[in-house]
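Peer 1: Structure file query.cif, mmCIF, C-alpha atoms, is pasted below:
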data_model
loop_
_atom_site.label_atom_id
_atom_site.label_comp_id
_atom_site.auth_asym_id
_atom_site.auth_seq_id
_atom_site.Cartn_x
_atom_site.Cartn_y
_atom_site.Cartn_z
CA MET A 24 200.99 11.99 197.10
CA LEU A 25 198.45 14.60 196.26
CA THR A 26 200.38 15.94 193.32
CA ALA A 27 199.66 12.69 191.53
CA VAL A 28 195.95 13.26 191.69
CA MET A 29 194.35 14.74 188.64
CA PRO A 30 193.18 18.31 189.18
CA ILE A 31 189.54 18.46 190.04
CA GLN A 32 187.25 20.13 187.57
CA THR A 33 185.82 22.92 189.67
CA ASP A 34 182.66 23.14 187.64
CA SER A 35 181.46 19.68 186.75
CA SER A 36 177.97 20.64 185.66
CA PRO A 37 177.60 19.72 181.99
CA GLU A 38 175.48 22.79 181.38
CA ALA A 39 177.92 25.18 182.99
CA GLY A 40 178.95 28.04 180.78
CA THR A 41 176.51 27.18 178.01
CA ASP A 42 174.31 29.75 176.33
CA ASP A 43 171.35 28.19 178.10
CA GLU A 44 172.94 28.73 181.48
CA ARG A 45 173.92 32.29 180.59
CA THR A 46 170.37 33.02 179.54
CA LEU A 47 169.02 31.65 182.80
CA VAL A 48 171.56 33.59 184.84
CA GLY A 49 170.78 36.80 182.97
CA ALA A 50 167.05 36.35 183.46
CA ALA A 51 167.50 35.55 187.15
CA ALA A 52 169.70 38.61 187.59
CA ARG A 53 166.82 40.68 186.19
CA GLY A 54 164.57 39.24 188.86
CA GLU A 55 162.88 36.35 187.03
CA MET A 56 162.26 33.79 189.73
CA ALA A 57 161.39 30.99 187.30
CA ALA A 58 164.86 31.26 185.79
CA PHE A 59 166.40 31.17 189.25
CA GLU A 60 164.37 28.09 190.12
CA ALA A 61 165.77 26.38 187.01
CA LEU A 62 169.27 27.25 188.22
CA TYR A 63 168.41 25.90 191.67
CA ARG A 64 167.16 22.61 190.17
CA ARG A 65 170.34 22.34 188.16
CA HIS A 66 172.81 23.04 190.97
CA ALA A 67 171.05 22.08 194.22
CA GLY A 68 172.64 18.63 194.49
CA ARG A 69 176.19 19.88 194.06
CA ILE A 70 175.68 22.81 196.42
CA HIS A 71 174.00 20.71 199.08
CA GLY A 72 176.78 18.13 198.71
CA VAL A 73 179.62 20.52 199.44
CA ILE A 74 177.77 22.20 202.29
CA ALA A 75 176.91 18.85 203.89
CA ARG A 76 180.55 17.75 203.68
CA LEU A 77 181.74 20.99 205.23
CA VAL A 78 179.30 21.05 208.12
CA GLY A 79 179.59 17.30 208.59
CA SER A 80 175.96 16.47 208.41
CA HIS A 81 173.18 15.80 205.97
CA GLY A 82 170.51 16.98 208.33
CA SER A 83 168.53 20.14 208.67
CA ARG A 84 171.58 22.32 209.27
CA ALA A 85 173.03 21.51 205.86
CA GLU A 86 169.63 22.05 204.28
CA ASP A 87 169.19 25.41 206.01
CA LEU A 88 172.61 26.48 204.77
CA THR A 89 171.80 25.31 201.25
CA GLN A 90 168.74 27.55 201.36
CA ASP A 91 170.88 30.41 202.68
CA ALA A 92 173.38 29.92 199.88
CA PHE A 93 170.71 30.19 197.20
CA VAL A 94 169.15 33.25 198.83
CA ARG A 95 172.58 34.90 198.94
CA ALA A 96 173.15 33.94 195.31
CA TRP A 97 169.87 35.61 194.34
CA GLN A 98 170.94 38.78 196.13
CA ALA A 99 174.40 38.78 194.59
CA LEU A 100 173.42 37.79 191.05
CA PRO A 101 173.07 41.34 189.66
CA ALA A 102 176.77 41.84 190.39
CA PHE A 103 177.79 38.56 188.71
CA ARG A 104 179.78 39.35 185.55
CA PHE A 105 180.60 35.87 184.19
CA GLU A 106 184.24 36.28 185.18
CA SER A 107 183.98 32.60 186.08
CA ALA A 108 181.41 29.93 185.27
CA PHE A 109 178.19 30.44 187.19
CA GLY A 110 178.59 26.99 188.79
CA THR A 111 182.06 27.89 190.06
CA TRP A 112 180.82 31.18 191.46
CA LEU A 113 177.87 29.48 193.14
CA HIS A 114 180.06 26.71 194.55
CA ARG A 115 182.40 29.25 196.15
CA LEU A 116 179.47 31.19 197.54
CA ALA A 117 178.12 27.97 199.07
CA VAL A 118 181.50 27.19 200.64
CA ASN A 119 181.60 30.72 202.03
CA THR A 120 178.11 30.32 203.47
CA ALA A 121 179.07 27.09 205.23
CA LEU A 122 182.31 28.56 206.55
CA MET A 123 180.54 31.65 207.87
CA ASP A 124 178.28 29.32 209.81
CA LEU A 125 181.30 27.39 211.03
CA ARG A 126 182.96 30.59 212.24
CA SER A 127 179.81 31.69 214.02
CA ARG A 128 179.81 28.39 215.94
CA LYS A 129 183.54 28.50 216.68
CA SER A 130 183.14 29.62 220.27
CA ARG A 131 180.74 26.85 221.16
CA PRO A 132 182.69 24.37 223.35
CA GLN A 133 180.58 21.37 222.43
CA ASP A 134 181.37 21.87 218.77
CA ASP A 135 184.71 20.10 218.86
CA GLY A 136 183.75 17.14 216.76
CA ASP A 137 180.67 15.13 216.11
CA GLU A 138 180.63 12.28 218.59
CA ASP A 139 177.44 10.82 217.14
CA ALA A 140 179.16 10.49 213.80
CA PHE A 141 182.23 9.04 215.53
CA GLU A 142 180.12 6.44 217.31
CA ALA A 143 178.39 5.52 214.07
CA LEU A 144 181.68 4.55 212.45
CA GLY A 145 181.81 0.95 211.38
CA ALA A 146 178.08 0.48 211.51
CA PRO A 147 176.97 -2.49 209.40
CA ASP A 148 176.02 -1.64 205.85
CA SER A 149 174.03 -4.19 203.86
CA ALA A 150 174.87 -2.52 200.55
CA GLY A 151 178.30 -4.10 200.43
CA HIS A 152 181.84 -3.57 201.59
CA GLY A 153 182.69 -0.74 199.15
CA THR A 154 179.70 1.32 200.17
CA ALA A 155 180.32 0.57 203.82
CA LEU A 156 183.92 1.74 203.45
CA SER A 157 182.76 4.94 201.80
CA MET A 158 180.14 5.51 204.46
CA ASP A 159 182.72 4.91 207.18
CA LEU A 160 185.00 7.43 205.62
CA GLU A 161 182.19 9.94 205.26
CA ARG A 162 181.25 9.49 208.90
CA ALA A 163 184.87 9.71 209.99
CA VAL A 164 185.25 13.00 208.12
CA ALA A 165 182.00 14.25 209.64
CA SER A 166 183.28 13.40 213.10
CA LEU A 167 186.34 15.67 212.82
CA PRO A 168 186.48 18.99 214.69
CA PRO A 169 184.84 21.68 212.53
CA ARG A 170 187.85 23.69 211.41
CA ALA A 171 190.02 20.63 210.83
CA ARG A 172 187.16 19.05 208.89
CA ALA A 173 186.68 22.19 206.78
CA VAL A 174 190.36 22.30 205.85
CA LEU A 175 190.47 18.58 205.06
CA VAL A 176 187.31 18.73 202.96
CA LEU A 177 188.49 21.79 201.04
CA TYR A 178 191.99 20.39 200.46
CA ASP A 179 191.56 16.64 200.11
CA VAL A 180 188.03 16.48 198.72
CA GLU A 181 187.42 19.76 196.88
CA GLY A 182 191.02 20.22 195.71
CA TRP A 183 191.56 23.76 196.98
CA GLN A 184 195.01 25.26 197.68
CA HIS A 185 196.17 26.23 201.17
CA ASP A 186 196.25 29.93 200.28
CA GLU A 187 192.63 29.78 199.09
CA ILE A 188 191.57 27.92 202.23
CA ALA A 189 193.47 30.33 204.47
CA ALA A 190 191.84 33.33 202.79
CA GLU A 191 188.36 31.85 203.01
CA LEU A 192 188.75 30.76 206.63
CA GLY A 193 190.54 33.94 207.71
CA MET A 194 193.64 32.11 208.90
CA ALA A 195 197.34 32.00 208.02
CA VAL A 196 198.52 29.54 205.40
CA GLY A 197 200.58 27.84 208.10
CA SER A 198 197.44 27.36 210.19
CA SER A 199 195.69 25.78 207.26
CA LYS A 200 198.57 23.32 206.85
CA ALA A 201 198.57 22.60 210.58
CA GLN A 202 194.82 21.96 210.57
CA LEU A 203 195.20 19.61 207.62
CA HIS A 204 197.97 17.74 209.43
CA ARG A 205 195.78 17.40 212.51
CA ALA A 206 192.72 16.39 210.48
CA ARG A 207 194.60 13.67 208.60
CA HIS A 208 196.00 12.19 211.78
CA LEU A 209 192.59 12.19 213.46
CA LEU A 210 191.00 10.69 210.37
CA ARG A 211 193.52 7.84 210.15
CA ASP A 212 193.24 7.15 213.88
CA ARG A 213 189.48 6.95 213.72
CA LEU A 214 189.43 4.76 210.65
CA GLU A 215 192.02 2.40 212.17
CA ALA A 216 190.13 2.27 215.45
CA HIS A 217 187.07 0.97 213.60
CA ALA A 218 188.87 -1.23 211.08
CA MET E 10 198.67 21.92 192.29
CA ASN E 11 198.64 20.94 195.96
CA THR E 12 202.00 21.00 197.71
CA PRO E 13 203.03 17.55 198.98
CA ASP E 14 203.72 17.23 202.68
CA PRO E 15 206.12 14.31 203.17
CA THR E 16 205.52 14.22 206.93
CA ASN E 17 201.80 13.74 206.61
CA GLU E 18 201.03 11.92 203.41
CA LEU E 19 197.81 9.98 203.02
CA PRO E 20 197.88 6.43 201.69
CA GLY E 21 196.98 6.46 197.99
CA THR E 22 193.77 4.52 198.54
CA LEU E 23 192.56 6.89 201.20
CA ARG E 24 193.47 9.88 199.06
CA TRP E 25 191.32 8.57 196.21
CA GLN E 26 188.51 7.65 198.56
CA LEU E 27 188.47 11.20 199.87
CA ARG E 28 188.31 12.59 196.36
CA ALA E 29 185.47 10.19 195.66
CA LEU E 30 183.44 11.82 198.42
CA ARG E 31 182.97 14.78 196.15
CA GLN E 32 179.50 13.84 195.10
CA ASP E 33 176.15 15.54 194.81
CA ALA E 34 173.79 15.10 197.74
CA THR E 35 170.06 15.40 197.39
CA PRO E 36 168.35 17.24 200.24
CA SER E 37 165.78 15.19 202.13
CA HIS E 38 163.03 17.42 200.75
CA ASP E 39 162.57 20.05 198.07
CA LEU E 40 164.15 23.25 199.37
CA TRP E 41 162.77 25.47 196.61
CA PRO E 42 159.44 26.41 198.27
CA GLY E 43 161.35 27.73 201.29
CA ILE E 44 163.80 29.61 199.10
CA ALA E 45 160.99 31.08 196.98
CA THR E 46 159.21 32.29 200.12
CA ARG E 47 162.35 34.05 201.29
CA LEU E 48 162.95 35.60 197.89
CA ALA E 49 159.39 36.83 197.70
CA VAL E 50 159.83 39.02 200.76
CA GLN E 51 163.02 40.62 199.51
CA GLN E 52 163.88 42.04 196.16
CA PRO E 53 167.51 41.69 195.14
CA VAL E 54 169.53 44.89 194.80
CA ARG E 55 169.36 45.63 191.12
CA ARG E 56 171.96 47.90 189.62
CA PRO E 57 170.69 49.98 186.73
CA GLN E 58 172.00 48.72 183.42
CA ARG E 59 175.07 50.71 182.43
CA TRP E 60 173.63 51.67 179.06
CA LEU E 61 170.55 53.14 180.72
CA ARG E 62 172.59 55.91 182.29
CA PRO E 63 173.30 57.90 179.11
CA VAL E 64 169.86 57.11 177.76
CA ALA E 65 168.25 58.47 180.91
CA LEU E 66 170.48 61.50 180.70
CA VAL E 67 169.50 62.08 177.08
CA ALA E 68 165.84 61.74 177.92
CA SER E 69 166.10 64.20 180.78
CA LEU E 70 168.03 66.63 178.64
CA VAL E 71 165.44 66.52 175.86
CA LEU E 72 162.83 67.27 178.50
CA ALA E 73 164.96 70.06 179.94
CA ILE E 74 165.48 71.55 176.51
CA GLY E 75 161.76 71.50 175.91
CA THR E 76 161.16 73.20 179.25
CA VAL E 77 163.78 75.83 178.54
CA GLY E 78 162.24 76.46 175.12
CA TRP E 79 158.84 76.91 176.72
CA PHE E 80 160.37 79.19 179.34
CA ALA E 81 162.02 81.31 176.61
CA ARG E 82 158.75 81.54 174.68
CA THR E 83 156.73 82.62 177.70
CA ASN E 84 159.32 85.28 178.49
CA ASP E 85 159.51 86.59 174.95
CA GLY E 86 159.14 90.36 174.91
CA ILE E 87 160.09 90.87 178.51
CA THR E 88 163.82 90.53 178.00
CA GLY E 89 165.78 93.64 178.57
CA SER E 90 168.65 94.98 176.57
CA SER E 91 171.31 93.42 178.82
CA ASN E 92 174.03 91.44 177.10
CA PRO E 93 173.84 88.45 176.72
CA THR E 94 170.10 88.18 176.32
CA LEU E 95 167.94 85.60 178.04
CA VAL E 96 167.63 83.67 174.78
CA GLN E 97 171.38 83.63 174.36
CA ARG E 98 171.89 82.46 177.92
CA GLU E 99 169.38 79.68 177.33
CA ALA E 100 171.12 78.74 174.11
CA GLU E 101 174.48 78.60 175.87
CA GLY E 102 173.00 76.47 178.64
CA LEU E 103 171.41 74.13 176.12
CA THR E 104 174.68 73.77 174.24
CA LEU E 105 176.63 72.90 177.38
CA GLN E 106 174.06 70.31 178.45
CA TYR E 107 173.91 68.89 174.95
CA GLN E 108 177.69 68.51 174.79
CA ALA E 109 177.78 66.86 178.23
CA ALA E 110 175.04 64.42 177.25
CA LEU E 111 176.76 63.58 174.00
CA GLN E 112 179.99 62.88 175.84
CA GLU E 113 178.17 60.51 178.16
CA VAL E 114 176.85 58.47 175.25
CA GLN E 115 180.18 58.12 173.44
CA ALA E 116 179.00 55.35 171.18
CA PRO E 117 180.68 55.18 167.77
CA THR E 118 178.35 56.46 165.06
CA PRO E 119 177.48 53.82 162.46
CA ALA E 120 178.41 54.76 158.89
CA SER E 121 174.74 54.79 157.86
CA LEU E 122 173.97 57.59 160.35
CA LYS E 123 177.08 59.69 159.76
CA PRO E 124 175.65 61.96 157.02
CA THR E 125 172.61 62.79 159.20
CA VAL E 126 174.78 63.41 162.24
CA GLU E 127 177.10 65.69 160.28
CA ALA E 128 174.15 67.61 158.81
CA LEU E 129 172.62 68.10 162.26
CA GLU E 130 175.89 69.32 163.74
CA ARG E 131 176.32 71.69 160.79
CA ASP E 132 172.76 72.98 161.29
CA ALA E 133 173.38 73.50 165.01
CA ALA E 134 176.51 75.54 164.26
CA LEU E 135 174.60 77.67 161.73
CA ILE E 136 171.77 78.27 164.22
CA ARG E 137 174.20 79.30 166.96
CA ALA E 138 175.83 81.73 164.51
CA ALA E 139 172.41 83.11 163.61
CA LEU E 140 171.58 83.51 167.30
CA ALA E 141 174.72 85.59 167.73
CA ARG E 142 173.35 87.95 165.10
CA ASP E 143 169.75 87.81 166.36
CA PRO E 144 170.11 87.33 170.15
CA ASP E 145 166.38 87.62 170.98
CA SER E 146 165.07 85.12 168.44
CA VAL E 147 162.98 82.53 170.22
CA ARG E 148 162.38 80.91 166.83
CA LEU E 149 166.13 80.24 166.47
CA LEU E 150 166.28 78.94 170.05
CA GLU E 151 163.45 76.56 169.19
CA GLN E 152 165.29 75.43 166.08
CA LEU E 153 168.41 74.82 168.16
CA ARG E 154 166.39 72.82 170.68
CA ARG E 155 164.89 70.65 167.92
CA THR E 156 168.28 70.10 166.32
CA TYR E 157 169.91 69.06 169.59
CA ALA E 158 166.95 66.84 170.44
CA HIS E 159 167.16 65.17 167.04
CA ARG E 160 170.93 64.62 167.40
CA LEU E 161 170.52 63.16 170.88
CA ALA E 162 167.72 60.90 169.70
CA LEU E 163 170.10 59.51 167.10
CA ALA E 164 172.73 58.95 169.78
CA GLN E 165 170.08 57.24 171.88
CA ARG E 166 169.23 54.90 169.00
CA VAL E 167 172.91 53.97 168.64
CA VAL E 168 173.13 53.19 172.36
CA TYR E 169 170.01 51.00 172.17
CA THR E 170 171.40 49.01 169.28
#
As structure tokens, how would this structure be written, given the file I've shared?

Peer 2:
Amino acid sequence: MLTAVMPIQTDSSPEAGTDDERTLVGAAARGEMAAFEALYRRHAGRIHGVIARLVGSHGSRAEDLTQDAFVRAWQALPAFRFESAFGTWLHRLAVNTALMDLRSRKSRPQDDGDEDAFEALGAPDSAGHGTALSMDLERAVASLPPRARAVLVLYDVEGWQHDEIAAELGMAVGSSKAQLHRARHLLRDRLEAHA
Amino acid sequence: MNTPDPTNELPGTLRWQLRALRQDATPSHDLWPGIATRLAVQQPVRRPQRWLRPVALVASLVLAIGTVGWFARTNDGITGSSNPTLVQREAEGLTLQYQAALQEVQAPTPASLKPTVEALERDAALIRAALARDPDSVRLLEQLRRTYAHRLALAQRVVYT
């Protein structure tokens, strides 16, 4: 039951909200690129992680979107007012960037799941059973249809609420719940098929 | 807190494994050079700092007052006997602009500056009264300009600090 899971700390960066971070954000908002590079170095891993999970790949598409997210952050920084931690703001902007890309690809018929990722499920992993299990799960998630995957990642991995997901994806709350239902069923089926 | 869905619950292990996927991922190469290149060709939209607005207004007003003072000086002697005189009209214009600028600043005056501010406002009132009696006095208009400029400079200093 999800309610038993501890709430996820939205901003896990140890530096988030510190004076140092505020100084860097302020300098970057004034146009200092060195300060923005320091922020990039600090947050790139987390931002790339969430984008890769949402788009279901760790390839060039996720990297392009990570670049896009940081460029958008640079453009939006002057309007940032520290109403949330910078890391939280950046994380949401990255999610939005990935979802915009997902929406733009919505009409593409071939984009109904990643068959390569599906086929790769259960591939041998010499690092041990635990890692193999995790990799299988990651591949199974990546193989889900894009919108179902996005809802599952945001709900079950990132800890978002259905109303937040619905707002971000431009869908009704009921649709978000339905997509989650579908995604969980597909995920279990695929994991069981390769067990 | 997420709402439980009894018809579609995940096994506990799977639920925790999904949460465990929330990890950082390092890109296959450094993305910064590409980002820096894109930033270099576009400057972000920078909003002017809020405090700059009154300061800019004060600066422009001081300049305007100086210009008006110069205008009044160069026109000295050519004013007719119409009422109000050119000098009086300039003084009225200056006063209105000064009051508008002061309202824009609206920063509380520190105690240390209060005596100076009060003296300047008293001086300005005395000069305006003198101008009512001597409506063609460019010297009084100049004094009024300097007094307003001094008062606005103090306001500017308060805004800066």

Peer 1: Provide the CA of Arg170 (chain A) to CA of Arg24 (chain E) distance in Å, to one decimal place.

Peer 2: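 Separating CA of Arg170 (chain A) from CA of Arg24 (chain E) is a distance of 19.4 Å.
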
Peer 1: What would the selection look like, as number ranges by chain, if the PyMOL selection byres ((chain A) within 7 of (chain E)) were run on the coordinates I just shared?

Peer 2: A: 24-26, 68-69, 71-72, 86, 90, 94, 97-98, 101, 179-181, 184, 204

Peer 1: Grab the residues selected above and save them as an mmCIF file, in the coordinates of the input with C-alpha atoms.

Peer 2:
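Once written, again-v1.cif looks like this:
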data_model
loop_
_atom_site.group_PDB
_atom_site.id
_atom_site.type_symbol
_atom_site.label_atom_id
_atom_site.label_comp_id
_atom_site.auth_asym_id
_atom_site.auth_seq_id
_atom_site.Cartn_x
_atom_site.Cartn_y
_atom_site.Cartn_z
ATOM 1 C CA MET A 24 200.990 11.990 197.100
ATOM 2 C CA LEU A 25 198.450 14.600 196.260
ATOM 3 C CA THR A 26 200.380 15.940 193.320
ATOM 4 C CA GLY A 68 172.640 18.630 194.490
ATOM 5 C CA ARG A 69 176.190 19.880 194.060
ATOM 6 C CA HIS A 71 174.000 20.710 199.080
ATOM 7 C CA GLY A 72 176.780 18.130 198.710
ATOM 8 C CA GLU A 86 169.630 22.050 204.280
ATOM 9 C CA GLN A 90 168.740 27.550 201.360
ATOM 10 C CA VAL A 94 169.150 33.250 198.830
ATOM 11 C CA TRP A 97 169.870 35.610 194.340
ATOM 12 C CA GLN A 98 170.940 38.780 196.130
ATOM 13 C CA PRO A 101 173.070 41.340 189.660
ATOM 14 C CA ASP A 179 191.560 16.640 200.110
ATOM 15 C CA VAL A 180 188.030 16.480 198.720
ATOM 16 C CA GLU A 181 187.420 19.760 196.880
ATOM 17 C CA GLN A 184 195.010 25.260 197.680
ATOM 18 C CA HIS A 204 197.970 17.740 209.430
#

Peer 1: Measure the distance from CA of Leu77 (chain A) to CA of Ala173 (chain A) in Å and round it to one decimal.

Peer 2: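 Atom-to-atom, CA of Leu77 (chain A) to CA of Ala173 (chain A), that is 5.3 Å.
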
Peer 1: Please, what distance in Å, to one decimal, runs between CA of Ile70 (chain A) and CA of Ala92 (chain A)?

Peer 2: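 Going from CA of Ile70 (chain A) over to CA of Ala92 (chain A) covers 8.2 Å.
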
Peer 1: Check which residues satisfy the PyMOL selection byres ((chain A and resi 207) around 9) in the file shown, then give them as a list in words.

Peer 2: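 Output of the PyMOL selection byres ((chain A and resi 207) around 9): Ala171, Leu175, Gln202, Leu203, His204, Arg205, Ala206, His208, Leu209, Leu210, Arg211 and Asp212 of chain A; Asn17, Glu18 and Leu19 of chain E.
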
Peer 1: Those same residues, written as a CSV table (one decimal), in the frame of the given file with C-alpha atoms?

Peer 2:
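Output (part.csv):
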chain,number,residue,atom,x,y,z
A,171,ALA,CA,190.0,20.6,210.8
A,175,LEU,CA,190.5,18.6,205.1
A,202,GLN,CA,194.8,22.0,210.6
A,203,LEU,CA,195.2,19.6,207.6
A,204,HIS,CA,198.0,17.7,209.4
A,205,ARG,CA,195.8,17.4,212.5
A,206,ALA,CA,192.7,16.4,210.5
A,208,HIS,CA,196.0,12.2,211.8
A,209,LEU,CA,192.6,12.2,213.5
A,210,LEU,CA,191.0,10.7,210.4
A,211,ARG,CA,193.5,7.8,210.2
A,212,ASP,CA,193.2,7.2,213.9
E,17,ASN,CA,201.8,13.7,206.6
E,18,GLU,CA,201.0,11.9,203.4
E,19,LEU,CA,197.8,10.0,203.0
